Amino acid sequence: MLAVRDLRAKVAGKEILKGIDLEVRSGEVHAVMGPNGSGKSTLSHVLMGRPGYEITSGQVTLDGQDILGMPTWRRAQAGLFLGMQYPIEVPGVSLEAVLRESFTAGGRDPADVDDLVGSEVGRVGFDARLLKRALNVDFSGGEKKRSETLQLAVLRPFFAMLDEVDSGLDVDALRDVARRVAQAAAQEGLGVIAITHYTRLLSELRPDRVHVLSGGRIVASGGSDLADELEAHGYGAWGKDEPARPPEVALAAPTFP
Ligand code: ADP
Ligand code: MG
């Protein structure tokens, strides 16, 4: 179980997380929704141990073991995974090398990695030619998200946070990614925290719980009907009405001053 208790965190002197409580068990899918700027990505970064955040109180445990004192790579070894909202481009390091090294660092036999990558490439609809290219460099938005999903599928963590893994995906890619994650939860016991604005992802992922994060706090939790309610009425009921725009609008031509 991944357990977060009264987690408070500051960045640049400003408190962003104001007491988060969340428990996710193996095989469960939790959706985290909420207005822009409410602290969703901050939560995922703090759980994964990104530098620059000051944790002022609270506890995060993985099967009872405190992880907040661990560097990021130890958290990854302990079975935590983050699919980033904005995957970082790493020139000079191929995706294939990243997969091989992290697989091996997880204590697994490097002789197995090629077969596993080969089968997962097909399952997530990933273009295998990208394996040789530098990690995320000049990948399209959709290729980046499929790459995050491929890494998840190959590394087989115990808990995965997926930060807007659906953003920028077309309908086919969304289905491939969501199905692979749902299978990992149902068949491999992966616990999932899926940060998203869209019920389209959730109709494939079928969350056990939906939480609304607003102003650094979880202000509502419920079943999947809560996501439908948010889609219909926005976040107005929780004090801040800043509904997410559909991707078509977000991708509209830039405006010039
Ligand atoms: P969400 O993912 O819910 O849209 P974020 O967690 O990205 O929100 O951001 C929450 C708030 O924290 C925002 O106001 C954002 O500007 C602020 N924030 C996040 N990271 C930093 C940072 N490194 N420096 C300053 N402010 C930050
Ligand atoms: Mg975010």
# chains A, B, ... in the order shown; residues from 1 in each chain; ligands from 1
$ residues_around --residues "A:Val171" --least-positions-apart "2" --cutoff "12 Å" --atoms "only C-alpha atoms" --output "ChimeraX atom specification"
/A:142,166-169,173-178,200-201,204,247
$ write_last_selection --atoms "N, CA and C atoms" --output "mmCIF file, in the first residue's frame"
data_model
loop_
_atom_site.group_PDB
_atom_site.id
_atom_site.type_symbol
_atom_site.label_atom_id
_atom_site.label_comp_id
_atom_site.auth_asym_id
_atom_site.auth_seq_id
_atom_site.Cartn_x
_atom_site.Cartn_y
_atom_site.Cartn_z
ATOM 1 N N GLY A 142 2.313 12.502 -28.481
ATOM 2 C CA GLY A 142 1.765 11.152 -28.327
ATOM 3 C C GLY A 142 2.863 10.107 -28.150
ATOM 4 N N ASP A 166 -2.816 11.194 -20.666
ATOM 5 C CA ASP A 166 -3.741 11.269 -21.796
ATOM 6 C C ASP A 166 -3.612 12.570 -22.593
ATOM 7 N N SER A 167 -2.834 13.535 -22.084
ATOM 8 C CA SER A 167 -2.806 14.824 -22.790
ATOM 9 C C SER A 167 -2.043 14.679 -24.101
ATOM 10 N N GLY A 168 -2.606 15.211 -25.145
ATOM 11 C CA GLY A 168 -1.968 15.159 -26.460
ATOM 12 C C GLY A 168 -2.129 13.843 -27.190
ATOM 13 N N LEU A 169 -2.901 12.913 -26.650
ATOM 14 C CA LEU A 169 -3.076 11.623 -27.324
ATOM 15 C C LEU A 169 -4.308 11.641 -28.223
ATOM 16 N N ALA A 173 -4.408 6.203 -29.557
ATOM 17 C CA ALA A 173 -3.307 6.154 -28.595
ATOM 18 C C ALA A 173 -3.853 6.138 -27.164
ATOM 19 N N LEU A 174 -4.871 6.923 -26.937
ATOM 20 C CA LEU A 174 -5.491 6.980 -25.614
ATOM 21 C C LEU A 174 -5.995 5.595 -25.205
ATOM 22 N N ARG A 175 -6.617 4.908 -26.155
ATOM 23 C CA ARG A 175 -7.141 3.578 -25.868
ATOM 24 C C ARG A 175 -5.999 2.598 -25.576
ATOM 25 N N ASP A 176 -4.944 2.632 -26.389
ATOM 26 C CA ASP A 176 -3.810 1.717 -26.182
ATOM 27 C C ASP A 176 -3.171 1.934 -24.806
ATOM 28 N N VAL A 177 -2.933 3.198 -24.480
ATOM 29 C CA VAL A 177 -2.271 3.531 -23.216
ATOM 30 C C VAL A 177 -3.168 3.142 -22.028
ATOM 31 N N ALA A 178 -4.434 3.532 -22.106
ATOM 32 C CA ALA A 178 -5.345 3.263 -20.996
ATOM 33 C C ALA A 178 -5.522 1.757 -20.789
ATOM 34 N N ARG A 200 -12.669 10.549 -20.595
ATOM 35 C CA ARG A 200 -12.377 9.590 -21.671
ATOM 36 C C ARG A 200 -11.339 8.558 -21.206
ATOM 37 N N LEU A 201 -10.301 9.036 -20.524
ATOM 38 C CA LEU A 201 -9.299 8.116 -19.987
ATOM 39 C C LEU A 201 -9.944 7.203 -18.948
ATOM 40 N N GLU A 204 -11.901 4.029 -19.848
ATOM 41 C CA GLU A 204 -11.081 2.826 -20.084
ATOM 42 C C GLU A 204 -10.453 2.329 -18.778
ATOM 43 N N PRO A 247 -8.802 19.332 -25.421
ATOM 44 C CA PRO A 247 -7.521 19.431 -26.115
ATOM 45 C C PRO A 247 -7.592 20.225 -27.409
#
$ residues_around --residues "stretch 23-29 of chain A" --least-positions-apart "3" --cutoff "6 Å" --atoms "only C-alpha atoms" --output "JSON, numbers by chain"
{"A": [1, 2, 3, 185, 186, 189, 190, 191, 192, 207, 208]}
$ write_last_selection --atoms "N, CA, C and O atoms" --output "PDB file, in the first residue's frame"
ATOM      1  N   MET A   1       0.831  -1.203   0.000  1.00  0.00           N
ATOM      2  CA  MET A   1       0.000   0.000   0.000  1.00  0.00           C
ATOM      3  C   MET A   1       0.864   1.251   0.000  1.00  0.00           C
ATOM      4  O   MET A   1       1.857   1.317   0.710  1.00  0.00           O
ATOM      5  N   LEU A   2       0.466   2.185  -0.813  1.00  0.00           N
ATOM      6  CA  LEU A   2       1.101   3.507  -0.815  1.00  0.00           C
ATOM      7  C   LEU A   2       0.213   4.409   0.042  1.00  0.00           C
ATOM      8  O   LEU A   2      -0.972   4.590  -0.252  1.00  0.00           O
ATOM      9  N   ALA A   3       0.773   4.925   1.134  1.00  0.00           N
ATOM     10  CA  ALA A   3      -0.026   5.734   2.059  1.00  0.00           C
ATOM     11  C   ALA A   3       0.586   7.113   2.231  1.00  0.00           C
ATOM     12  O   ALA A   3       1.770   7.247   2.526  1.00  0.00           O
ATOM     13  N   ALA A 185      -3.020  -2.952 -13.798  1.00  0.00           N
ATOM     14  CA  ALA A 185      -3.715  -2.893 -12.508  1.00  0.00           C
ATOM     15  C   ALA A 185      -4.464  -4.196 -12.238  1.00  0.00           C
ATOM     16  O   ALA A 185      -4.344  -4.786 -11.161  1.00  0.00           O
ATOM     17  N   ALA A 186      -5.204  -4.663 -13.238  1.00  0.00           N
ATOM     18  CA  ALA A 186      -6.062  -5.830 -13.031  1.00  0.00           C
ATOM     19  C   ALA A 186      -5.274  -7.133 -12.950  1.00  0.00           C
ATOM     20  O   ALA A 186      -5.599  -8.013 -12.154  1.00  0.00           O
ATOM     21  N   GLY A 189      -1.434  -6.309 -10.580  1.00  0.00           N
ATOM     22  CA  GLY A 189      -1.550  -5.718  -9.243  1.00  0.00           C
ATOM     23  C   GLY A 189      -0.962  -4.333  -9.102  1.00  0.00           C
ATOM     24  O   GLY A 189      -0.691  -3.869  -7.992  1.00  0.00           O
ATOM     25  N   LEU A 190      -0.768  -3.647 -10.243  1.00  0.00           N
ATOM     26  CA  LEU A 190      -0.243  -2.286 -10.172  1.00  0.00           C
ATOM     27  C   LEU A 190      -1.255  -1.359  -9.480  1.00  0.00           C
ATOM     28  O   LEU A 190      -2.445  -1.391  -9.786  1.00  0.00           O
ATOM     29  N   GLY A 191      -0.776  -0.556  -8.539  1.00  0.00           N
ATOM     30  CA  GLY A 191      -1.606   0.514  -7.974  1.00  0.00           C
ATOM     31  C   GLY A 191      -1.377   1.775  -8.791  1.00  0.00           C
ATOM     32  O   GLY A 191      -0.241   2.076  -9.152  1.00  0.00           O
ATOM     33  N   VAL A 192      -2.454   2.496  -9.121  1.00  0.00           N
ATOM     34  CA  VAL A 192      -2.338   3.630 -10.045  1.00  0.00           C
ATOM     35  C   VAL A 192      -2.922   4.897  -9.435  1.00  0.00           C
ATOM     36  O   VAL A 192      -4.014   4.874  -8.858  1.00  0.00           O
ATOM     37  N   PRO A 207     -11.666   3.844 -12.663  1.00  0.00           N
ATOM     38  CA  PRO A 207     -11.071   4.047 -11.339  1.00  0.00           C
ATOM     39  C   PRO A 207     -11.946   3.512 -10.206  1.00  0.00           C
ATOM     40  O   PRO A 207     -13.174   3.543 -10.293  1.00  0.00           O
ATOM     41  N   ASP A 208     -11.267   3.019  -9.168  1.00  0.00           N
ATOM     42  CA  ASP A 208     -11.981   2.602  -7.956  1.00  0.00           C
ATOM     43  C   ASP A 208     -12.408   3.826  -7.160  1.00  0.00           C
ATOM     44  O   ASP A 208     -13.450   3.814  -6.509  1.00  0.00           O
TER      45      ASP A 208
END
$ residues_near_ligand --ligand "ligand 2" --cutoff "8 Å" --atoms "only C-alpha atoms and all ligand atoms" --output "list in words"
Asn36, Gly37, Gly39, Lys40, Ser41, Thr42, Gln85, Asp163, Glu164 and Ile195 of chain A
$ write_last_selection --atoms "N, CA, C and O atoms" --output "mmCIF file, in the first residue's frame"
data_model
loop_
_atom_site.group_PDB
_atom_site.id
_atom_site.type_symbol
_atom_site.label_atom_id
_atom_site.label_comp_id
_atom_site.auth_asym_id
_atom_site.auth_seq_id
_atom_site.Cartn_x
_atom_site.Cartn_y
_atom_site.Cartn_z
ATOM 1 N N ASN A 36 -6.570 23.576 -12.803
ATOM 2 C CA ASN A 36 -5.169 23.885 -13.098
ATOM 3 C C ASN A 36 -4.544 24.608 -11.911
ATOM 4 O O ASN A 36 -5.178 25.465 -11.299
ATOM 5 N N GLY A 37 -3.323 24.249 -11.579
ATOM 6 C CA GLY A 37 -2.609 24.929 -10.499
ATOM 7 C C GLY A 37 -2.997 24.491 -9.100
ATOM 8 O O GLY A 37 -2.610 25.115 -8.116
ATOM 9 N N GLY A 39 -2.102 21.705 -7.594
ATOM 10 C CA GLY A 39 -1.029 20.974 -6.908
ATOM 11 C C GLY A 39 -0.908 19.520 -7.311
ATOM 12 O O GLY A 39 -0.182 18.760 -6.676
ATOM 13 N N LYS A 40 -1.573 19.129 -8.406
ATOM 14 C CA LYS A 40 -1.561 17.716 -8.810
ATOM 15 C C LYS A 40 -0.151 17.269 -9.206
ATOM 16 O O LYS A 40 0.336 16.241 -8.743
ATOM 17 N N SER A 41 0.495 18.055 -10.084
ATOM 18 C CA SER A 41 1.854 17.677 -10.498
ATOM 19 C C SER A 41 2.816 17.787 -9.320
ATOM 20 O O SER A 41 3.725 16.955 -9.175
ATOM 21 N N THR A 42 2.612 18.790 -8.483
ATOM 22 C CA THR A 42 3.464 18.934 -7.296
ATOM 23 C C THR A 42 3.380 17.674 -6.438
ATOM 24 O O THR A 42 4.411 17.167 -5.974
ATOM 25 N N GLN A 85 4.121 14.573 -16.694
ATOM 26 C CA GLN A 85 3.252 15.389 -17.549
ATOM 27 C C GLN A 85 4.047 15.928 -18.742
ATOM 28 O O GLN A 85 3.559 15.927 -19.868
ATOM 29 N N ASP A 163 0.864 11.386 -14.734
ATOM 30 C CA ASP A 163 0.455 12.788 -14.719
ATOM 31 C C ASP A 163 0.006 13.203 -16.113
ATOM 32 O O ASP A 163 0.834 13.453 -16.986
ATOM 33 N N GLU A 164 -1.289 13.272 -16.305
ATOM 34 C CA GLU A 164 -1.882 13.637 -17.598
ATOM 35 C C GLU A 164 -1.292 12.802 -18.737
ATOM 36 O O GLU A 164 -0.869 13.334 -19.767
ATOM 37 N N ILE A 195 -3.597 11.154 -12.764
ATOM 38 C CA ILE A 195 -3.985 12.563 -12.779
ATOM 39 C C ILE A 195 -4.533 12.863 -14.160
ATOM 40 O O ILE A 195 -3.862 12.602 -15.167
#
$ select_by_dssp --residues "stretch 29-144 of chain A" --states "strand (DSSP E or B)" --output "list in words"
Val29, His30, Ala31, Val32, Met33, Tyr53, Glu54, Ile55, Thr56, Ser57, Gly58, Gln59, Val60, Thr61, Leu62, Gln65, Asp66, Leu80, Phe81, Leu82, Gly83, Val90, Pro91, Gly92, Val93, Ser94, Ala134 and Leu135 of chain A
$ write_last_selection --atoms "C-alpha atoms" --output "mmCIF file, in the first residue's frame"
data_model
loop_
_atom_site.group_PDB
_atom_site.id
_atom_site.type_symbol
_atom_site.label_atom_id
_atom_site.label_comp_id
_atom_site.auth_asym_id
_atom_site.auth_seq_id
_atom_site.Cartn_x
_atom_site.Cartn_y
_atom_site.Cartn_z
ATOM 1 C CA VAL A 29 -6.864 2.755 -9.663
ATOM 2 C CA HIS A 30 -7.337 6.213 -8.177
ATOM 3 C CA ALA A 31 -8.029 9.231 -10.345
ATOM 4 C CA VAL A 32 -6.919 12.662 -9.181
ATOM 5 C CA MET A 33 -8.721 15.513 -10.884
ATOM 6 C CA TYR A 53 10.310 20.971 -2.736
ATOM 7 C CA GLU A 54 10.338 21.523 1.007
ATOM 8 C CA ILE A 55 8.255 18.984 2.881
ATOM 9 C CA THR A 56 7.001 20.682 6.017
ATOM 10 C CA SER A 57 4.986 17.837 7.497
ATOM 11 C CA GLY A 58 3.518 14.433 6.836
ATOM 12 C CA GLN A 59 4.525 10.941 5.886
ATOM 13 C CA VAL A 60 4.611 8.792 2.773
ATOM 14 C CA THR A 61 5.036 5.046 3.155
ATOM 15 C CA LEU A 62 5.276 2.157 0.708
ATOM 16 C CA GLN A 65 8.435 1.849 4.770
ATOM 17 C CA ASP A 66 9.046 5.589 4.830
ATOM 18 C CA LEU A 80 7.408 3.713 -7.460
ATOM 19 C CA PHE A 81 7.042 5.092 -10.979
ATOM 20 C CA LEU A 82 6.183 8.505 -12.364
ATOM 21 C CA GLY A 83 4.882 9.057 -15.868
ATOM 22 C CA VAL A 90 17.734 13.677 -22.806
ATOM 23 C CA PRO A 91 20.015 14.145 -25.813
ATOM 24 C CA GLY A 92 22.650 11.441 -26.231
ATOM 25 C CA VAL A 93 20.856 8.766 -24.198
ATOM 26 C CA SER A 94 18.691 6.331 -26.130
ATOM 27 C CA ALA A 134 17.577 9.909 -27.837
ATOM 28 C CA LEU A 135 15.037 9.793 -25.012
#
$ residues_near_ligand --ligand "ligand 1" --cutoff "12 Å" --atoms "only C-alpha atoms and all ligand atoms" --output "number ranges by chain"
A: 9-18, 32-47, 50-54, 84-86, 162-164, 194-197, 212-218, 242-244
$ residues_around --residues "A:Leu130" --least-positions-apart "5" --cutoff "12 Å" --atoms "only C-alpha atoms" --output "compact mmCIF listing (two decimals) with C-alpha atoms, in the first residue's frame"
# COMPACT_ATOMS: atom_id res chain seq x y z
CA VAL A 93 20.86 8.77 -24.20
CA SER A 94 18.69 6.33 -26.13
CA LEU A 95 15.35 5.10 -24.83
CA GLU A 96 16.67 1.56 -25.30
CA ALA A 97 19.60 2.29 -22.97
CA VAL A 121 6.20 -2.25 -27.92
CA GLY A 125 1.50 0.61 -30.04
CA LEU A 135 15.04 9.79 -25.01
CA ASN A 136 12.08 12.02 -25.89
CA VAL A 137 14.15 14.24 -28.20
CA ASP A 138 11.83 15.37 -31.01
CA PHE A 139 9.24 12.75 -30.02
CA SER A 140 5.70 13.94 -30.72
CA GLU A 143 5.09 9.33 -28.75
CA LYS A 144 6.27 10.73 -25.42
CA ARG A 146 3.42 6.03 -25.29
CA SER A 147 7.09 5.98 -24.29
CA LEU A 150 6.27 1.49 -22.44
$ decode --residues "stretch 223-234 of chain A" --atoms "all heavy atoms" --output "compact mmCIF listing (two decimals), in the first residue's frame"
# COMPACT_ATOMS: atom_id res chain seq x y z
N GLY A 223 -16.79 7.69 -6.03
CA GLY A 223 -16.65 6.67 -7.06
C GLY A 223 -16.55 7.33 -8.43
O GLY A 223 -16.41 8.56 -8.55
N SER A 224 -16.66 6.52 -9.49
CA SER A 224 -16.45 7.06 -10.83
C SER A 224 -17.55 8.06 -11.22
O SER A 224 -17.35 8.89 -12.10
CB SER A 224 -16.36 5.93 -11.85
OG SER A 224 -17.49 5.12 -11.75
N ASP A 225 -18.69 8.01 -10.53
CA ASP A 225 -19.75 8.99 -10.82
C ASP A 225 -19.29 10.42 -10.51
O ASP A 225 -19.78 11.37 -11.09
CB ASP A 225 -21.04 8.64 -10.06
CG ASP A 225 -20.78 8.35 -8.60
OD1 ASP A 225 -19.69 7.80 -8.28
OD2 ASP A 225 -21.63 8.67 -7.76
N LEU A 226 -18.32 10.55 -9.59
CA LEU A 226 -17.81 11.89 -9.27
C LEU A 226 -17.15 12.51 -10.50
O LEU A 226 -17.28 13.71 -10.76
CB LEU A 226 -16.82 11.81 -8.10
CG LEU A 226 -16.16 13.11 -7.63
CD1 LEU A 226 -17.18 14.18 -7.27
CD2 LEU A 226 -15.26 12.84 -6.42
N ALA A 227 -16.45 11.68 -11.30
CA ALA A 227 -15.81 12.19 -12.53
C ALA A 227 -16.86 12.68 -13.51
O ALA A 227 -16.69 13.72 -14.16
CB ALA A 227 -14.94 11.10 -13.15
N ASP A 228 -17.98 11.96 -13.62
CA ASP A 228 -19.06 12.39 -14.52
C ASP A 228 -19.65 13.71 -14.06
O ASP A 228 -19.97 14.59 -14.86
CB ASP A 228 -20.16 11.32 -14.57
CG ASP A 228 -19.62 9.98 -15.08
OD1 ASP A 228 -18.66 10.01 -15.88
OD2 ASP A 228 -20.14 8.94 -14.65
N GLU A 229 -19.78 13.84 -12.75
CA GLU A 229 -20.32 15.07 -12.17
C GLU A 229 -19.41 16.26 -12.49
O GLU A 229 -19.87 17.34 -12.84
CB GLU A 229 -20.42 14.86 -10.66
CG GLU A 229 -21.39 15.76 -9.95
CD GLU A 229 -21.34 15.46 -8.45
OE1 GLU A 229 -21.49 14.27 -8.06
OE2 GLU A 229 -21.11 16.40 -7.69
N LEU A 230 -18.08 16.02 -12.39
CA LEU A 230 -17.12 17.09 -12.68
C LEU A 230 -17.19 17.49 -14.14
O LEU A 230 -17.12 18.66 -14.50
CB LEU A 230 -15.70 16.63 -12.35
CG LEU A 230 -15.40 16.42 -10.88
CD1 LEU A 230 -14.06 15.72 -10.71
CD2 LEU A 230 -15.39 17.75 -10.14
N GLU A 231 -17.33 16.47 -15.00
CA GLU A 231 -17.41 16.74 -16.45
C GLU A 231 -18.64 17.60 -16.73
O GLU A 231 -18.58 18.52 -17.54
CB GLU A 231 -17.50 15.41 -17.20
CG GLU A 231 -17.71 15.56 -18.69
CD GLU A 231 -16.50 15.11 -19.49
OE1 GLU A 231 -15.37 15.41 -19.10
OE2 GLU A 231 -16.71 14.43 -20.50
N ALA A 232 -19.72 17.32 -16.04
CA ALA A 232 -20.96 18.05 -16.29
C ALA A 232 -20.96 19.45 -15.67
O ALA A 232 -21.46 20.39 -16.26
CB ALA A 232 -22.15 17.23 -15.77
N HIS A 233 -20.40 19.57 -14.46
CA HIS A 233 -20.58 20.82 -13.71
C HIS A 233 -19.29 21.59 -13.42
O HIS A 233 -19.34 22.65 -12.82
CB HIS A 233 -21.30 20.53 -12.39
CG HIS A 233 -22.63 19.86 -12.57
ND1 HIS A 233 -23.69 20.48 -13.19
CD2 HIS A 233 -23.05 18.61 -12.27
CE1 HIS A 233 -24.72 19.64 -13.24
NE2 HIS A 233 -24.34 18.49 -12.69
N GLY A 234 -18.11 21.05 -13.78
CA GLY A 234 -16.85 21.75 -13.48
C GLY A 234 -16.52 21.65 -12.00
O GLY A 234 -17.14 20.90 -11.26
